[in-house]
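Undergrad: Got a structure for you, start-v6.cif, holding mmCIF, C-alpha atoms and all ligand atoms.
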```cif
data_data
#
loop_
_atom_site.label_atom_id
_atom_site.label_comp_id
_atom_site.auth_asym_id
_atom_site.auth_seq_id
_atom_site.Cartn_x
_atom_site.Cartn_y
_atom_site.Cartn_z
CA MET A 1 25.37 -18.75 -27.23
CA SER A 2 23.96 -19.51 -23.79
CA HIS A 3 20.22 -19.52 -23.41
CA VAL A 4 20.52 -18.76 -19.71
CA MET A 5 19.57 -15.18 -18.85
CA ASN A 6 22.58 -13.02 -18.29
CA THR A 7 22.01 -12.30 -14.58
CA TYR A 8 25.48 -13.37 -13.42
CA GLY A 9 28.95 -12.46 -14.69
CA ARG A 10 30.14 -16.04 -14.47
CA LEU A 11 33.73 -17.16 -13.96
CA PRO A 12 35.07 -19.57 -16.59
CA VAL A 13 34.92 -22.70 -14.46
CA ALA A 14 32.39 -25.48 -13.82
CA PHE A 15 32.64 -27.91 -10.93
CA GLU A 16 31.97 -31.59 -11.13
CA ARG A 17 32.31 -32.89 -7.61
CA GLY A 18 33.26 -31.88 -4.11
CA GLU A 19 34.36 -33.26 -0.79
CA GLY A 20 34.55 -31.22 2.42
CA VAL A 21 36.21 -27.90 1.59
CA TRP A 22 37.47 -29.13 -1.80
CA LEU A 23 35.95 -28.89 -5.27
CA TRP A 24 37.12 -30.40 -8.56
CA ASP A 25 36.36 -28.80 -11.92
CA THR A 26 35.55 -30.58 -15.16
CA GLN A 27 39.29 -30.63 -16.04
CA GLY A 28 40.13 -32.40 -12.79
CA LYS A 29 41.74 -29.32 -11.19
CA ARG A 30 41.27 -29.06 -7.42
CA TYR A 31 40.15 -25.90 -5.58
CA LEU A 32 40.08 -24.92 -1.92
CA ASP A 33 36.59 -23.54 -1.38
CA ALA A 34 36.55 -20.49 0.91
CA LEU A 35 33.15 -19.35 -0.35
CA ALA A 36 30.92 -22.42 0.16
CA GLY A 37 28.43 -21.37 -2.52
CA VAL A 38 28.14 -18.02 -0.69
CA ALA A 39 27.71 -19.39 2.83
CA VAL A 40 25.41 -22.20 1.70
CA ASN A 41 27.51 -25.37 1.93
CA ALA A 42 27.77 -25.10 5.71
CA VAL A 43 28.73 -28.73 6.26
CA GLY A 44 31.02 -28.86 3.22
CA HIS A 45 30.50 -30.67 -0.06
CA SER A 46 29.10 -34.20 -0.17
CA HIS A 47 29.02 -34.70 3.58
CA PRO A 48 28.34 -38.46 3.91
CA LYS A 49 25.57 -37.98 6.50
CA LEU A 50 23.78 -35.39 4.37
CA VAL A 51 24.18 -37.50 1.23
CA ALA A 52 22.85 -40.61 2.99
CA ALA A 53 19.85 -38.78 4.47
CA LEU A 54 18.95 -37.28 1.08
CA ARG A 55 19.39 -40.57 -0.78
CA GLU A 56 17.07 -42.31 1.64
CA GLN A 57 14.46 -39.54 1.49
CA ILE A 58 14.49 -39.27 -2.30
CA GLY A 59 13.67 -42.97 -2.50
CA LYS A 60 10.62 -42.42 -0.31
CA LEU A 61 9.12 -39.00 -1.06
CA ILE A 62 10.24 -35.65 -2.44
CA HIS A 63 7.14 -33.49 -2.28
CA THR A 64 3.59 -33.76 -1.11
CA SER A 65 1.90 -30.45 -0.25
CA ASN A 66 1.30 -28.21 2.70
CA ILE A 67 -2.32 -29.27 2.37
CA TYR A 68 -1.14 -32.39 4.28
CA GLN A 69 0.85 -33.06 7.42
CA ILE A 70 4.60 -33.21 6.82
CA ALA A 71 6.45 -35.04 9.58
CA ALA A 72 9.93 -33.78 8.62
CA GLN A 73 8.63 -30.19 8.68
CA GLU A 74 7.19 -30.63 12.18
CA LYS A 75 10.46 -32.15 13.35
CA LEU A 76 12.57 -29.40 11.78
CA ALA A 77 10.38 -26.69 13.33
CA ASP A 78 10.88 -28.38 16.75
CA ARG A 79 14.65 -28.34 16.23
CA ILE A 80 14.79 -24.69 15.12
CA VAL A 81 12.57 -23.65 18.03
CA ALA A 82 14.75 -25.61 20.48
CA ALA A 83 17.95 -24.09 19.08
CA SER A 84 16.65 -20.51 18.99
CA GLY A 85 14.26 -20.22 21.95
CA MET A 86 11.62 -18.89 19.56
CA ASP A 87 8.09 -20.26 19.03
CA LYS A 88 7.03 -21.02 15.47
CA VAL A 89 8.44 -21.45 11.98
CA PHE A 90 7.14 -20.76 8.47
CA PHE A 91 9.04 -22.62 5.74
CA CYS A 92 9.85 -21.27 2.29
CA ASN A 93 12.63 -21.74 -0.26
CA SER A 94 15.07 -18.85 -0.08
CA GLY A 95 16.35 -15.91 1.91
CA ALA A 96 14.29 -13.40 -0.01
CA GLU A 97 11.15 -15.39 0.70
CA ALA A 98 11.99 -15.63 4.39
CA ASN A 99 12.32 -11.83 4.48
CA GLU A 100 9.12 -11.42 2.48
CA ALA A 101 7.34 -13.41 5.17
CA ALA A 102 8.91 -11.19 7.84
CA ILE A 103 7.84 -8.00 6.06
CA LYS A 104 4.32 -9.36 5.58
CA LEU A 105 4.22 -10.34 9.25
CA ALA A 106 5.25 -6.80 10.24
CA ARG A 107 2.50 -5.28 8.10
CA TYR A 108 -0.07 -7.73 9.43
CA TYR A 109 1.02 -6.91 12.96
CA GLY A 110 0.74 -3.19 12.22
CA HIS A 111 -2.74 -3.44 10.77
CA LYS A 112 -3.85 -5.47 13.76
CA LYS A 113 -2.62 -2.61 15.97
CA GLY A 114 -4.58 -0.11 13.89
CA VAL A 115 -1.62 1.35 11.96
CA GLU A 116 -2.98 2.03 8.49
CA ASN A 117 0.36 2.48 6.69
CA PRO A 118 2.80 0.34 8.62
CA ALA A 119 6.51 0.93 7.98
CA VAL A 120 9.66 -1.06 8.70
CA VAL A 121 12.99 0.50 9.64
CA VAL A 122 15.82 -0.84 7.45
CA LEU A 123 19.53 -0.13 7.32
CA GLU A 124 21.97 1.41 4.91
CA LYS A 125 24.15 -1.15 3.09
CA SER A 126 21.79 -3.96 4.03
CA PHE A 127 20.94 -6.83 1.71
CA HIS A 128 17.64 -8.67 1.99
CA GLY A 129 17.05 -10.19 -1.46
CA ARG A 130 15.89 -9.54 -5.01
CA THR A 131 12.09 -9.70 -4.83
CA MET A 132 10.26 -6.37 -5.00
CA ALA A 133 9.72 -6.03 -1.25
CA THR A 134 13.18 -7.26 -0.31
CA LEU A 135 15.03 -5.16 -2.90
CA SER A 136 13.08 -2.16 -1.65
CA ALA A 137 14.24 -3.02 1.88
CA THR A 138 17.83 -3.48 0.68
CA GLY A 139 20.18 -0.55 1.22
CA SER A 140 21.92 -0.64 -2.15
CA ARG A 141 21.08 1.49 -5.16
CA LYS A 142 22.73 -1.10 -7.40
CA VAL A 143 20.12 -3.68 -6.39
CA GLN A 144 17.23 -1.22 -6.84
CA ALA A 145 18.19 0.76 -9.95
CA GLY A 146 15.87 0.17 -12.87
CA PHE A 147 13.17 -1.52 -10.81
CA GLU A 148 11.31 1.56 -9.62
CA PRO A 149 8.70 2.20 -8.40
CA LEU A 150 10.08 0.70 -5.22
CA MET A 151 7.74 -0.53 -2.54
CA THR A 152 6.89 2.06 0.08
CA GLY A 153 6.79 1.40 3.79
CA PHE A 154 10.51 1.41 4.56
CA VAL A 155 12.43 4.00 6.58
CA ARG A 156 16.20 3.86 6.23
CA VAL A 157 18.82 4.62 8.88
CA PRO A 158 22.63 4.14 9.01
CA PHE A 159 23.98 0.79 10.26
CA ASN A 160 25.11 0.57 13.87
CA ASP A 161 23.56 3.93 14.81
CA LEU A 162 21.08 3.60 17.70
CA GLU A 163 20.52 7.36 17.89
CA ALA A 164 19.18 7.35 14.32
CA VAL A 165 16.73 4.57 15.23
CA ARG A 166 15.62 6.51 18.32
CA ARG A 167 14.99 9.60 16.20
CA VAL A 168 12.73 7.57 13.90
CA ALA A 169 10.95 6.11 16.93
CA ASP A 170 10.28 9.58 18.27
CA SER A 171 9.00 11.02 15.02
CA ASN A 172 7.34 8.27 12.99
CA ARG A 173 4.13 6.70 14.33
CA ASN A 174 3.83 4.34 11.36
CA VAL A 175 6.83 2.23 12.21
CA VAL A 176 5.95 -1.26 13.48
CA ALA A 177 9.24 -3.14 13.11
CA ILE A 178 12.94 -3.01 12.34
CA LEU A 179 14.73 -5.44 10.01
CA ALA A 180 18.48 -5.76 10.52
CA GLU A 181 21.53 -7.90 9.81
CA LEU A 182 23.97 -8.19 12.73
CA VAL A 183 26.86 -8.79 10.36
CA GLN A 184 26.14 -7.20 7.00
CA GLY A 185 27.32 -9.81 4.51
CA GLU A 186 26.83 -8.29 1.08
CA GLY A 187 27.39 -4.84 2.56
CA GLY A 188 31.06 -5.64 3.27
CA VAL A 189 31.15 -7.96 6.30
CA SER A 190 30.46 -5.16 8.78
CA VAL A 191 29.90 -6.36 12.35
CA CYS A 192 27.50 -4.42 14.58
CA GLY A 193 28.79 -2.99 17.86
CA ASP A 194 28.46 -4.94 21.11
CA GLY A 195 25.56 -2.90 22.50
CA TYR A 196 23.69 -2.51 19.23
CA LEU A 197 21.26 -5.42 19.46
CA LYS A 198 20.46 -4.73 23.10
CA GLY A 199 19.77 -1.11 22.16
CA LEU A 200 17.47 -2.20 19.32
CA ARG A 201 15.61 -4.54 21.69
CA GLU A 202 15.02 -1.67 24.12
CA ILE A 203 13.73 0.64 21.40
CA CYS A 204 11.47 -2.11 20.02
CA ASP A 205 10.08 -2.87 23.49
CA ALA A 206 9.48 0.79 24.27
CA HIS A 207 7.55 1.35 21.02
CA GLY A 208 5.89 -2.01 20.45
CA TRP A 209 7.98 -2.75 17.35
CA LEU A 210 8.94 -6.21 16.17
CA LEU A 211 12.69 -6.83 16.27
CA MET A 212 13.32 -8.75 13.03
CA LEU A 213 16.77 -10.13 12.23
CA ASP A 214 17.89 -11.23 8.80
CA GLU A 215 20.09 -14.21 9.73
CA VAL A 216 20.02 -15.65 6.21
CA GLN A 217 23.83 -15.45 6.04
CA THR A 218 24.76 -15.25 9.76
CA GLY A 219 22.55 -18.12 10.91
CA MET A 220 23.38 -21.85 11.12
CA ALA A 221 26.63 -21.56 13.11
CA ARG A 222 28.28 -19.23 10.61
CA THR A 223 29.39 -16.69 13.21
CA GLY A 224 30.32 -19.24 15.90
CA LYS A 225 26.88 -19.51 17.52
CA MET A 226 23.90 -21.23 15.94
CA PHE A 227 22.37 -17.77 15.41
CA ALA A 228 24.27 -14.48 15.53
CA PHE A 229 21.80 -12.94 18.01
CA GLN A 230 23.01 -15.48 20.58
CA HIS A 231 26.28 -13.54 20.91
CA TYR A 232 24.39 -10.61 22.41
CA GLY A 233 22.02 -12.04 25.03
CA VAL A 234 18.96 -10.64 23.26
CA ILE A 235 16.19 -12.51 21.47
CA PRO A 236 14.39 -11.20 18.37
CA ASP A 237 10.68 -11.45 17.53
CA VAL A 238 11.28 -12.62 13.97
CA MET A 239 14.31 -14.20 12.32
CA SER A 240 14.95 -15.11 8.68
CA LEU A 241 17.04 -18.16 7.77
CA ALA A 242 18.09 -19.71 4.47
CA LYS A 243 21.59 -20.13 2.91
CA GLY A 244 23.24 -22.73 5.21
CA LEU A 245 19.96 -24.15 6.52
CA GLY A 246 19.67 -26.99 4.00
CA GLY A 247 23.39 -27.59 3.53
CA GLY A 248 22.92 -26.79 -0.19
CA VAL A 249 19.31 -27.83 -0.74
CA PRO A 250 17.07 -24.76 -1.12
CA ILE A 251 15.11 -23.99 2.03
CA GLY A 252 14.26 -20.81 3.90
CA ALA A 253 12.53 -20.19 7.20
CA SER A 254 10.85 -17.33 8.94
CA VAL A 255 11.00 -17.95 12.69
CA ALA A 256 8.79 -15.99 15.07
CA ARG A 257 8.23 -15.57 18.78
CA GLY A 258 5.41 -14.28 20.95
CA GLU A 259 2.60 -12.39 19.25
CA ALA A 260 4.43 -12.48 15.89
CA ALA A 261 4.23 -16.29 15.98
CA THR A 262 0.44 -16.30 16.22
CA LEU A 263 -0.50 -13.82 13.48
CA PHE A 264 -0.56 -15.90 10.29
CA GLN A 265 -3.61 -18.10 9.91
CA PRO A 266 -4.72 -20.40 7.08
CA GLY A 267 -4.92 -18.21 3.99
CA SER A 268 -2.64 -15.40 5.16
CA HIS A 269 0.59 -16.74 3.70
CA GLY A 270 1.88 -19.83 1.96
CA SER A 271 4.33 -21.56 -0.34
CA THR A 272 3.90 -24.54 -2.68
CA PHE A 273 7.38 -25.97 -2.18
CA GLY A 274 8.05 -24.52 1.27
CA GLY A 275 9.07 -27.12 3.84
CA ASN A 276 8.75 -30.14 1.57
CA PRO A 277 10.02 -33.52 2.83
CA LEU A 278 13.27 -33.38 0.83
CA ALA A 279 14.29 -29.87 1.90
CA CYS A 280 13.38 -30.51 5.54
CA THR A 281 15.34 -33.76 5.54
CA ALA A 282 18.36 -31.82 4.25
CA ALA A 283 17.99 -29.22 7.00
CA LEU A 284 17.52 -31.88 9.70
CA ALA A 285 20.70 -33.65 8.57
CA THR A 286 22.56 -30.31 8.41
CA LEU A 287 21.49 -29.47 11.96
CA ASP A 288 22.52 -32.95 13.14
CA ILE A 289 25.96 -32.48 11.61
CA ILE A 290 26.39 -28.96 13.01
CA GLU A 291 25.49 -30.18 16.49
CA SER A 292 27.24 -33.57 16.51
CA GLU A 293 30.47 -32.26 14.95
CA GLY A 294 30.63 -29.14 17.10
CA LEU A 295 30.61 -26.79 14.13
CA CYS A 296 29.67 -23.70 16.17
CA LYS A 297 32.89 -24.12 18.11
CA ASN A 298 34.81 -24.92 14.93
CA ALA A 299 33.47 -21.82 13.17
CA ASP A 300 34.55 -19.75 16.16
CA GLU A 301 38.04 -21.28 16.44
CA ILE A 302 38.87 -21.63 12.76
CA GLY A 303 37.42 -18.22 12.00
CA SER A 304 39.65 -16.65 14.68
CA ARG A 305 42.62 -18.60 13.34
CA ILE A 306 42.04 -17.34 9.80
CA ARG A 307 41.75 -13.75 11.00
CA ALA A 308 44.86 -14.06 13.20
CA ASN A 309 46.87 -15.66 10.37
CA LEU A 310 45.87 -12.90 7.98
CA GLN A 311 46.52 -10.23 10.61
CA ARG A 312 50.04 -11.61 11.11
CA ALA A 313 50.78 -12.04 7.41
CA LEU A 314 49.37 -8.71 6.26
CA ALA A 315 50.18 -6.40 9.18
CA GLU A 316 51.49 -3.04 7.98
CA THR A 317 50.73 -3.86 4.35
CA PRO A 318 50.02 -0.53 2.63
CA GLY A 319 46.51 -0.59 1.20
CA LEU A 320 45.07 -2.97 3.80
CA ARG A 321 42.34 -1.22 5.76
CA GLU A 322 40.91 -3.84 8.09
CA ILE A 323 40.51 -7.55 8.72
CA ARG A 324 37.22 -8.18 10.50
CA GLY A 325 34.33 -10.56 10.96
CA LYS A 326 32.74 -12.99 13.34
CA GLY A 327 33.34 -16.74 13.28
CA MET A 328 33.66 -17.94 9.72
CA MET A 329 32.29 -14.78 8.17
CA ILE A 330 35.42 -12.82 7.37
CA GLY A 331 36.08 -9.59 5.49
CA ILE A 332 39.39 -8.11 4.39
CA GLU A 333 38.85 -4.49 3.44
CA LEU A 334 41.33 -2.89 1.05
CA ASP A 335 41.63 0.76 0.08
CA ARG A 336 40.79 0.00 -3.58
CA PRO A 337 38.40 -2.09 -5.69
CA CYS A 338 39.72 -5.65 -5.72
CA GLY A 339 37.31 -7.68 -7.86
CA ASP A 340 40.31 -8.88 -9.93
CA LEU A 341 41.56 -10.86 -6.95
CA VAL A 342 38.75 -13.37 -7.50
CA LYS A 343 40.25 -14.41 -10.86
CA THR A 344 43.82 -14.48 -9.56
CA ALA A 345 42.69 -16.74 -6.73
CA LEU A 346 40.67 -18.96 -9.06
CA GLU A 347 43.73 -19.55 -11.25
CA ALA A 348 45.66 -20.49 -8.12
CA GLY A 349 42.93 -22.96 -7.11
CA LEU A 350 41.32 -20.86 -4.42
CA LEU A 351 37.65 -19.80 -4.33
CA ILE A 352 37.03 -16.43 -2.71
CA ASN A 353 34.61 -13.58 -3.25
CA VAL A 354 34.71 -9.80 -3.26
CA THR A 355 31.77 -7.79 -1.97
CA ALA A 356 31.08 -4.06 -1.65
CA ASP A 357 33.81 -3.55 -4.33
CA ASN A 358 36.79 -3.56 -1.97
CA VAL A 359 36.17 -6.28 0.62
CA VAL A 360 37.49 -9.82 0.14
CA ARG A 361 34.90 -12.10 1.71
CA LEU A 362 35.62 -15.54 3.12
CA VAL A 363 32.69 -17.75 4.16
CA PRO A 364 34.20 -21.25 4.01
CA PRO A 365 32.42 -24.49 4.86
CA LEU A 366 32.17 -24.75 8.64
CA VAL A 367 33.96 -28.13 8.56
CA MET A 368 37.28 -26.51 7.59
CA SER A 369 40.22 -27.90 9.60
CA ALA A 370 43.12 -25.91 11.09
CA SER A 371 45.54 -27.14 8.43
CA GLU A 372 43.10 -26.27 5.65
CA ALA A 373 42.67 -22.83 7.21
CA ASP A 374 46.45 -22.38 7.25
CA GLN A 375 46.67 -23.47 3.64
CA LEU A 376 43.99 -20.91 2.77
CA THR A 377 45.75 -18.02 4.48
CA ASN A 378 49.23 -19.10 3.27
CA GLU A 379 47.97 -18.81 -0.29
CA LEU A 380 45.69 -15.81 0.11
CA ALA A 381 47.93 -13.42 2.07
CA PRO A 382 50.74 -13.21 -0.55
CA MET A 383 48.09 -12.84 -3.25
CA ILE A 384 46.59 -9.83 -1.48
CA ARG A 385 50.03 -8.36 -0.79
CA SER A 386 51.13 -8.61 -4.39
CA PHE A 387 47.78 -7.24 -5.59
CA LEU A 388 48.27 -4.20 -3.37
CA MET A 389 51.87 -3.73 -4.53
CA ASN A 390 50.96 -3.93 -8.19
CA THR A 391 47.82 -1.81 -8.35
CA ALA A 392 47.28 1.86 -7.68
CA PRO A 393 45.18 2.93 -4.70
CA ALA A 394 41.81 4.34 -5.70
CA THR A 395 41.88 8.11 -5.92
CA ALA A 396 39.10 9.03 -3.55
C1 LIG A 401 21.74 -14.05 0.52
C2 LIG A 401 20.96 -13.19 1.41
C3 LIG A 401 19.60 -12.95 1.18
C4 LIG A 401 18.88 -13.45 -0.04
O1 LIG A 401 18.78 -14.84 -0.07
P1 LIG A 401 18.25 -15.58 -1.41
O2 LIG A 401 18.20 -17.01 -1.00
O3 LIG A 401 19.25 -15.30 -2.48
O4 LIG A 401 16.94 -15.02 -1.74
C5 LIG A 401 18.91 -12.18 2.10
N1 LIG A 401 19.52 -11.68 3.18
C6 LIG A 401 20.82 -11.89 3.43
C7 LIG A 401 21.44 -11.30 4.66
C8 LIG A 401 21.59 -12.63 2.55
O5 LIG A 401 22.89 -12.81 2.80
#
```
Translate the structure of the given file into structure tokens.

TA:
Amino acid sequence: MSHVMNTYGRLPVAFERGEGVWLWDTQGKRYLDALAGVAVNAVGHSHPKLVAALREQIGKLIHTSNIYQIAAQEKLADRIVAASGMDKVFFCNSGAEANEAAIKLARYYGHKKGVENPAVVVLEKSFHGRTMATLSATGSRKVQAGFEPLMTGFVRVPFNDLEAVRRVADSNRNVVAILAELVQGEGGVSVCGDGYLKGLREICDAHGWLLMLDEVQTGMARTGKMFAFQHYGVIPDVMSLAKGLGGGVPIGASVARGEAATLFQPGSHGSTFGGNPLACTAALATLDIIESEGLCKNADEIGSRIRANLQRALAETPGLREIRGKGMMIGIELDRPCGDLVKTALEAGLLINVTADNVVRLVPPLVMSASEADQLTNELAPMIRSFLMNTAPATA
């Protein structure tokens, strides 16, 4: 019997090595990876530049402490600031921690403004993590159930609904910030409307709220720009990063701009491991690879190709609701629960994921080539078609 806590329903496979978009299991069977460790392995598996940078760093130093200067952390903050147009970065180890920092920043900001019980607007179907604050911010009962009492200080509105945010702004004086995903990953790969972010910016400016974006999944070129907000010509006050940031090595970041960047002082927040030399070296190498190999452009082009291929192959298929996404964050919504597809695909040597019960999610490594993309869709489309032909639609 396993002595690992039963927090994941694990598939019966273990991987031994990887290269680019390919993984090999302990039996030597090869898989095409269209999940990338849930949007983590941005530059693919065992990228030679990432491996070399890590090897070199491990031989020198892994960890010191934030009590000391850390050159790689300074350098990485410079790079993130240059890429985002924001001002300062706090480093941590995960997406949940990056959002925790954002929520703490919002409360700090509120108290400084004299708001005694500061609140943050959050969205339905959002996902922000599994810590107490972030699961309270998350818009999923499944994530929250059994962990009550939830943290207070969140006001929930529907996704993509500016009117609902305006109503909160008009009626609730405690609100100091909004926390939003621009493409809801766990929530079913839902993309916000074109004017949504601009609308949020206007509301935030009019009411002195911080515009905080959870780019844990959408960041690091995933949607075809380095950060998803860059599609919309609007800049946030706070942004959370993690997943792809370290190319597989755990690292998170809370990036801030303007007043939000100046709030934390020694003693107000911290992390033992956050921004250590090893993790920052991984993120620096990942950024180098994304920039030097043009992975924003690749995510945009290959993502469009995958969606177009699937559109062509699955058009008019009864049971298919929608193929959507941005860049290499792709959702295929069916009219019925389709978790079983994950196992079918696994047996066929294809790694995919299902989220929100009925949405097949593809978040492949950003290094995927056109021929690998075609191989993915050539295998996946018939699988989805036969699944839909052989299962009954959900009775709503
Ligand atoms: C995965 C994810 C998180 C949580 O990240 P962890 O590293 O698992 O804590 C938070 N927000 C979004 C949008 C995510 O996709």

Undergrad: In Å to one decimal, how far is atom CA of Leu105 of chain A from atom CA of Arg141 of chain A?

TA: 25.1 Å

Undergrad: Please list, as a list in words, the residues that have an atom at most 9 Å away from (6.7, 3.3, 3.0) in the coordinates of this file, counting only C-alpha atoms.

TA: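 Every polymer residue passing the test: Asn117, Pro118, Ala119, Val120, Met151, Thr152, Gly153, Phe154, Val155 and Asn174 of chain A.
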
Undergrad: When the cut-off is 10 Å and you count all atoms listed in the file, which residues lie near ligand LIG 401 (chain A), shown as an MDAnalysis selection string?

TA: chainID A and resid 38:40 92:100 126:131 134:135 138 180:187 213:219 240:244 250:252

Undergrad: Between atom CA of Asp33 of chain A and atom CA of Arg55 of chain A, what distance in Å does the model show, to one decimal?

TA: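 If I compute the distance from atom CA of Asp33 of chain A to atom CA of Arg55 of chain A, I get 24.2 Å.
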
Undergrad: Residues near Glu19 of chain A, anyone? I mean within 8 Å using all atoms listed in the file, not counting same-chain ones fewer than 6 positions away, as JSON, numbers by chain.

TA: {"A": [44, 45, 46, 47]}

Undergrad: Per residue of segment 72-128 of chain A within 9 Å of segment 264-287 of chain A, record the nearest atom pair and its distance in Å to one decimal, counting all atoms listed in the file, with rows in chain order and ascending residue number, as a tab-separated table.

TA:
```
residue	atom	partner	partner_atom	distance
A:Ala72	CA	A:Cys280	CA	5.7
A:Gln73	CA	A:Cys280	CA	5.7
A:Lys75	CA	A:Leu284	CA	8.0
A:Leu76	CA	A:Leu284	CA	5.9
A:Arg79	CA	A:Leu284	CA	8.0
A:Ile80	CA	A:Leu287	CA	8.8
A:Phe90	CA	A:Gly275	CA	8.1
A:Phe91	CA	A:Gly275	CA	4.9
A:Cys92	CA	A:Gly274	CA	3.9
A:Asn93	CA	A:Gly274	CA	5.6
A:Ala101	CA	A:His269	CA	7.7
A:Lys104	CA	A:His269	CA	8.5
A:Leu105	CA	A:Phe264	CA	7.4
A:Tyr108	CA	A:Phe264	CA	8.2
```

Undergrad: Please provide as number ranges by chain all residues within 10 Å of Ile384 of chain A, with the sequence filter that same-chain residues fewer than 2 positions apart are discarded (counting all atoms listed in the file).

TA: A: 310, 314, 317, 319-320, 332, 334, 338, 341, 344-345, 360, 379-382, 386-390

Undergrad: Kindly save the residues from that selection, with C-alpha atoms included, as a tab-separated table (two decimals), in the frame of the given file.

TA:
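Output (again.tsv):
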```tsv
chain	number	residue	atom	x	y	z
A	310	LEU	CA	45.87	-12.90	7.98
A	314	LEU	CA	49.37	-8.71	6.26
A	317	THR	CA	50.73	-3.86	4.35
A	319	GLY	CA	46.51	-0.59	1.20
A	320	LEU	CA	45.07	-2.97	3.80
A	332	ILE	CA	39.39	-8.11	4.39
A	334	LEU	CA	41.33	-2.89	1.05
A	338	CYS	CA	39.72	-5.65	-5.72
A	341	LEU	CA	41.56	-10.86	-6.95
A	344	THR	CA	43.82	-14.48	-9.56
A	345	ALA	CA	42.69	-16.74	-6.73
A	360	VAL	CA	37.49	-9.82	0.14
A	379	GLU	CA	47.97	-18.81	-0.29
A	380	LEU	CA	45.69	-15.81	0.11
A	381	ALA	CA	47.93	-13.42	2.07
A	382	PRO	CA	50.74	-13.21	-0.55
A	386	SER	CA	51.13	-8.61	-4.39
A	387	PHE	CA	47.78	-7.24	-5.59
A	388	LEU	CA	48.27	-4.20	-3.37
A	389	MET	CA	51.87	-3.73	-4.53
A	390	ASN	CA	50.96	-3.93	-8.19
```

Undergrad: One decimal, in Å: what's the spacing between atom CA of Gly248 of chain A and atom CA of Leu362 of chain A?

TA: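 Separation between atom CA of Gly248 of chain A and atom CA of Leu362 of chain A: 17.3 Å.
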
Undergrad: Report as a list of chain:residue names all protein, DNA and RNA residues lying within 10 Å of Arg17 of chain A, evaluated on all atoms listed in the file, omitting residues in the same chain fewer than 6 positions from it.

TA: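 The neighbour list is A:Leu23, A:Trp24, A:Asp25, A:Thr26, A:Gly28, A:Arg30, A:His45, A:Ser46.
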
Undergrad: Output C-alpha atoms for every residue in the selection just made, as a short mmCIF file (atom, residue, chain, number, x, y, z; two decimals), keeping the file's coordinate frame.

TA:
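Result went into again.cif, see below:
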```cif
data_model
loop_
_atom_site.label_atom_id
_atom_site.label_comp_id
_atom_site.auth_asym_id
_atom_site.auth_seq_id
_atom_site.Cartn_x
_atom_site.Cartn_y
_atom_site.Cartn_z
CA LEU A 23 35.95 -28.89 -5.27
CA TRP A 24 37.12 -30.40 -8.56
CA ASP A 25 36.36 -28.80 -11.92
CA THR A 26 35.55 -30.58 -15.16
CA GLY A 28 40.13 -32.40 -12.79
CA ARG A 30 41.27 -29.06 -7.42
CA HIS A 45 30.50 -30.67 -0.06
CA SER A 46 29.10 -34.20 -0.17
#
```

Undergrad: If we count all atoms listed in the file and set the cut-off at 12 Å, which residues sit around Gly303 of chain A, ignoring sequence neighbours fewer than 3 positions away in its own chain? Please answer as a ChimeraX atom specification.

TA: /A:34,221-225,295-300,306-310,323-331,362-370,372-374,376-377

Undergrad: Rank nothing, just name the residue among A:Val354, A:Val175, A:Ala313, A:Ile103 nearest to Ala260 of chain A, using all atoms listed in the file.

TA: A:Ile103

Undergrad: Counting all atoms listed in the file, which of A:Ala53, A:Met239, A:Ala177, A:Leu61 gets nearest to Trp209 of chain A?

TA: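 Smallest separation from Trp209 of chain A among the options: A:Ala177.
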
Undergrad: Pull N, CA, C and O atoms for segment 99-105 of chain A from the block and write them as a compact mmCIF listing (two decimals), in the first residue's frame.

TA:
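Once everything was written out, this is out_5.txt:
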```txt
# COMPACT_ATOMS: atom_id res chain seq x y z
N ASN A 99 -0.62 33.92 -5.43
CA ASN A 99 -1.93 34.54 -5.19
C ASN A 99 -2.10 34.95 -3.73
O ASN A 99 -2.75 35.96 -3.44
N GLU A 100 -1.54 34.16 -2.81
CA GLU A 100 -1.56 34.58 -1.41
C GLU A 100 -0.91 35.95 -1.24
O GLU A 100 -1.43 36.82 -0.55
N ALA A 101 0.24 36.11 -1.90
CA ALA A 101 0.94 37.40 -1.82
C ALA A 101 0.05 38.51 -2.38
O ALA A 101 -0.01 39.61 -1.81
N ALA A 102 -0.64 38.22 -3.49
CA ALA A 102 -1.51 39.23 -4.10
C ALA A 102 -2.64 39.60 -3.14
O ALA A 102 -2.97 40.78 -2.97
N ILE A 103 -3.25 38.59 -2.53
CA ILE A 103 -4.37 38.85 -1.61
C ILE A 103 -3.88 39.63 -0.39
O ILE A 103 -4.52 40.58 0.07
N LYS A 104 -2.71 39.27 0.12
CA LYS A 104 -2.15 40.01 1.24
C LYS A 104 -1.84 41.46 0.84
O LYS A 104 -2.10 42.39 1.61
N LEU A 105 -1.30 41.61 -0.36
CA LEU A 105 -1.03 42.98 -0.87
C LEU A 105 -2.30 43.80 -0.91
O LEU A 105 -2.33 44.97 -0.51
```
